[in-house]
Amino acid sequence: MPQSFLNKRLLYALATAGLLSRVAQIQMFSQNKFPITPEQYIILSMLVENGELYQRQICEITRKDRPNITRLINILEKEEYVKRISDVNKRKIYKIRLTEKGKNIFTEIRPYLVNLRDEAVRGIKKEDLEKCNEILGKMIDNLETKVKIQM
């Protein structure tokens with residue numbers, strides 16, 4: 001099998017897996033009537049893992065552009081899931097902090113996402129998942145040099 005054909009099949013499989021994962025998450029959020037979207041949940045997740053973050057850091061971690069992250073943060077702040085905290089050194093720069101309400105909705109949704117992720121990898125050996133993660137990490141490293149996202 002030629003390398004280019006294998007690359008094409010692999011990239012198609014990755015794109016399909018990503019799309020199905022996203023659709024499954026959207027459907028799960030909708031079915032359970034969660035008040036936030038999967039994209040908003042990702043921001044809450046980043047704040048749970050990292051504490052307060054600058055918007056630019058959220059852009060870098062999620063690999064989303066600044067206008068998209070601004071929109072998501074504005075919605076989360078309006079609903080009181082996050083709060084903007086003025087940076088002590090610069091008036092126009094804010095850190096984003098998770099509120100108690102944000103922690104609560106994160107905690108409520110998390111088991112559903114863990115279950116969905118467990119379903120996605122059902123029947124796959126741990127060693128295979130580790131190897132897949134290693135390979136995907138290398139692919140990400142290779143592609144990061146080609147992609148410019150304005151943060």
# chains A, B, ... in the order shown; residues from 1 in each chain; ligands from 1

call {"tool": "select_by_dssp", "arguments": {"residues": "segment 7-86 of chain A", "states": "helix (DSSP H, G or I)", "output": "PyMOL selection string"}}
result
chain A and resi 7-31+38-50+55-62+66-78

call {"tool": "residues_around", "arguments": {"residues": "segment 81-85 of chain A", "least_positions_apart": "4", "cutoff": "12 Å", "atoms": "only C-alpha atoms", "output": "ChimeraX atom specification"}}
result
/A:35-36,40-41,43-48,51-55,70,72-77,89-106

call {"tool": "write_last_selection", "arguments": {"atoms": "N, CA and C atoms", "output": "CSV table (one decimal), in the first residue's frame"}}
result
chain,number,residue,atom,x,y,z
A,35,PRO,N,-26.7,23.6,30.6
A,35,PRO,CA,-26.8,25.0,30.2
A,35,PRO,C,-25.6,25.6,29.5
A,36,ILE,N,-24.6,24.8,29.2
A,36,ILE,CA,-23.4,25.2,28.5
A,36,ILE,C,-23.1,24.3,27.3
A,40,GLN,N,-17.7,25.6,25.8
A,40,GLN,CA,-17.6,26.3,27.0
A,40,GLN,C,-17.1,25.4,28.2
A,41,TYR,N,-17.5,24.1,28.1
A,41,TYR,CA,-17.0,23.2,29.1
A,41,TYR,C,-15.5,23.1,29.0
A,43,ILE,N,-13.3,25.3,28.4
A,43,ILE,CA,-12.8,26.4,29.1
A,43,ILE,C,-12.8,26.2,30.6
A,44,LEU,N,-14.0,25.8,31.1
A,44,LEU,CA,-14.1,25.5,32.5
A,44,LEU,C,-13.1,24.4,32.9
A,45,SER,N,-12.9,23.4,32.1
A,45,SER,CA,-12.0,22.3,32.3
A,45,SER,C,-10.6,22.9,32.5
A,46,MET,N,-10.2,23.8,31.6
A,46,MET,CA,-8.9,24.4,31.6
A,46,MET,C,-8.7,25.2,32.9
A,47,LEU,N,-9.7,25.8,33.3
A,47,LEU,CA,-9.6,26.6,34.6
A,47,LEU,C,-9.5,25.7,35.8
A,48,VAL,N,-10.2,24.6,35.8
A,48,VAL,CA,-10.2,23.6,36.9
A,48,VAL,C,-8.7,23.0,36.9
A,51,GLY,N,-6.2,26.6,37.3
A,51,GLY,CA,-6.5,27.8,38.1
A,51,GLY,C,-6.8,29.0,37.2
A,52,GLU,N,-6.5,30.2,37.7
A,52,GLU,CA,-6.7,31.4,36.9
A,52,GLU,C,-5.8,31.4,35.6
A,53,LEU,N,-6.4,31.8,34.5
A,53,LEU,CA,-5.6,31.9,33.3
A,53,LEU,C,-5.9,33.2,32.6
A,54,TYR,N,-4.9,33.7,31.8
A,54,TYR,CA,-5.1,34.8,31.0
A,54,TYR,C,-5.9,34.3,29.7
A,55,GLN,N,-6.6,35.2,29.0
A,55,GLN,CA,-7.3,34.8,27.8
A,55,GLN,C,-6.3,34.2,26.8
A,70,THR,N,-12.9,35.0,23.3
A,70,THR,CA,-13.6,36.2,23.9
A,70,THR,C,-15.1,35.9,23.9
A,72,LEU,N,-16.8,33.1,23.9
A,72,LEU,CA,-17.1,32.0,24.9
A,72,LEU,C,-17.0,32.5,26.3
A,73,ILE,N,-15.9,33.3,26.6
A,73,ILE,CA,-15.7,33.8,27.9
A,73,ILE,C,-16.8,34.8,28.3
A,74,ASN,N,-17.2,35.7,27.3
A,74,ASN,CA,-18.3,36.6,27.6
A,74,ASN,C,-19.6,35.9,28.0
A,75,ILE,N,-19.9,34.8,27.3
A,75,ILE,CA,-21.1,34.1,27.6
A,75,ILE,C,-21.0,33.4,29.0
A,76,LEU,N,-19.9,32.8,29.3
A,76,LEU,CA,-19.6,32.2,30.6
A,76,LEU,C,-19.7,33.2,31.7
A,77,GLU,N,-19.2,34.4,31.4
A,77,GLU,CA,-19.2,35.5,32.5
A,77,GLU,C,-20.6,36.0,32.7
A,89,ASN,N,-0.9,44.4,37.3
A,89,ASN,CA,0.1,45.3,36.7
A,89,ASN,C,-0.4,46.0,35.4
A,90,LYS,N,-1.4,45.4,34.8
A,90,LYS,CA,-1.9,46.0,33.5
A,90,LYS,C,-3.5,46.1,33.6
A,91,ARG,N,-4.0,47.3,33.4
A,91,ARG,CA,-5.4,47.6,33.6
A,91,ARG,C,-6.3,46.8,32.5
A,92,LYS,N,-5.8,46.6,31.3
A,92,LYS,CA,-6.6,46.1,30.3
A,92,LYS,C,-6.5,44.6,30.1
A,93,ILE,N,-5.7,44.0,30.9
A,93,ILE,CA,-5.5,42.5,30.9
A,93,ILE,C,-6.2,41.9,32.1
A,94,TYR,N,-6.9,40.8,31.8
A,94,TYR,CA,-7.7,40.1,32.8
A,94,TYR,C,-7.3,38.7,32.9
A,95,LYS,N,-7.3,38.2,34.1
A,95,LYS,CA,-7.3,36.7,34.3
A,95,LYS,C,-8.7,36.2,34.4
A,96,ILE,N,-8.9,35.0,33.9
A,96,ILE,CA,-10.2,34.4,34.0
A,96,ILE,C,-10.2,33.4,35.2
A,97,ARG,N,-11.2,33.6,36.0
A,97,ARG,CA,-11.3,32.7,37.2
A,97,ARG,C,-12.6,32.0,37.2
A,98,LEU,N,-12.6,30.7,37.6
A,98,LEU,CA,-13.8,29.9,37.7
A,98,LEU,C,-14.6,30.3,39.0
A,99,THR,N,-15.9,30.5,38.9
A,99,THR,CA,-16.7,30.8,40.0
A,99,THR,C,-17.2,29.5,40.7
A,100,GLU,N,-17.8,29.6,41.8
A,100,GLU,CA,-18.4,28.4,42.4
A,100,GLU,C,-19.5,27.8,41.5
A,101,LYS,N,-20.3,28.6,40.9
A,101,LYS,CA,-21.3,28.1,39.9
A,101,LYS,C,-20.6,27.4,38.8
A,102,GLY,N,-19.5,27.9,38.3
A,102,GLY,CA,-18.7,27.2,37.2
A,102,GLY,C,-18.2,25.9,37.7
A,103,LYS,N,-17.7,25.8,38.9
A,103,LYS,CA,-17.2,24.6,39.5
A,103,LYS,C,-18.3,23.5,39.6
A,104,ASN,N,-19.5,24.0,40.0
A,104,ASN,CA,-20.6,23.1,40.2
A,104,ASN,C,-21.1,22.5,38.8
A,105,ILE,N,-21.2,23.3,37.8
A,105,ILE,CA,-21.6,22.8,36.5
A,105,ILE,C,-20.5,21.9,35.9
A,106,PHE,N,-19.3,22.2,36.1
A,106,PHE,CA,-18.2,21.3,35.6
A,106,PHE,C,-18.3,20.0,36.3

call {"tool": "residues_around", "arguments": {"residues": "Leu116 of chain A", "least_positions_apart": "3", "cutoff": "10 Å", "atoms": "only C-alpha atoms", "output": "list of chain:residue names"}}
result
A:Ser21, A:Ala24, A:Gln25, A:Met28, A:Arg110, A:Pro111, A:Tyr112, A:Leu113, A:Glu119, A:Ala120, A:Val121, A:Arg122

call {"tool": "write_last_selection", "arguments": {"atoms": "C-alpha atoms", "output": "PDB file, in the first residue's frame"}}
result
ATOM      1  CA  SER A  21     -16.617  12.789  19.023  1.00  0.00           C
ATOM      2  CA  ALA A  24     -21.595  12.848  20.310  1.00  0.00           C
ATOM      3  CA  GLN A  25     -20.674  15.540  22.843  1.00  0.00           C
ATOM      4  CA  MET A  28     -25.072  14.402  24.976  1.00  0.00           C
ATOM      5  CA  ARG A 110     -17.783  15.629  34.061  1.00  0.00           C
ATOM      6  CA  PRO A 111     -19.130  12.088  34.732  1.00  0.00           C
ATOM      7  CA  TYR A 112     -21.137  12.203  31.496  1.00  0.00           C
ATOM      8  CA  LEU A 113     -18.049  13.127  29.477  1.00  0.00           C
ATOM      9  CA  GLU A 119     -17.338   4.338  25.408  1.00  0.00           C
ATOM     10  CA  ALA A 120     -15.159   5.780  22.636  1.00  0.00           C
ATOM     11  CA  VAL A 121     -12.144   3.667  23.649  1.00  0.00           C
ATOM     12  CA  ARG A 122     -14.043   0.525  24.687  1.00  0.00           C
TER      13      ARG A 122
END

call {"tool": "atom_distance", "arguments": {"atom1": "atom CA of Val114 of chain A", "atom2": "atom CA of Glu130 of chain A"}}
result
17.5 Å

call {"tool": "residues_around", "arguments": {"residues": "Leu10 of chain A", "least_positions_apart": "5", "cutoff": "12 Å", "atoms": "only C-alpha atoms", "output": "PyMOL selection string"}}
result
chain A and resi 3-5+15-17+132+135-136+139
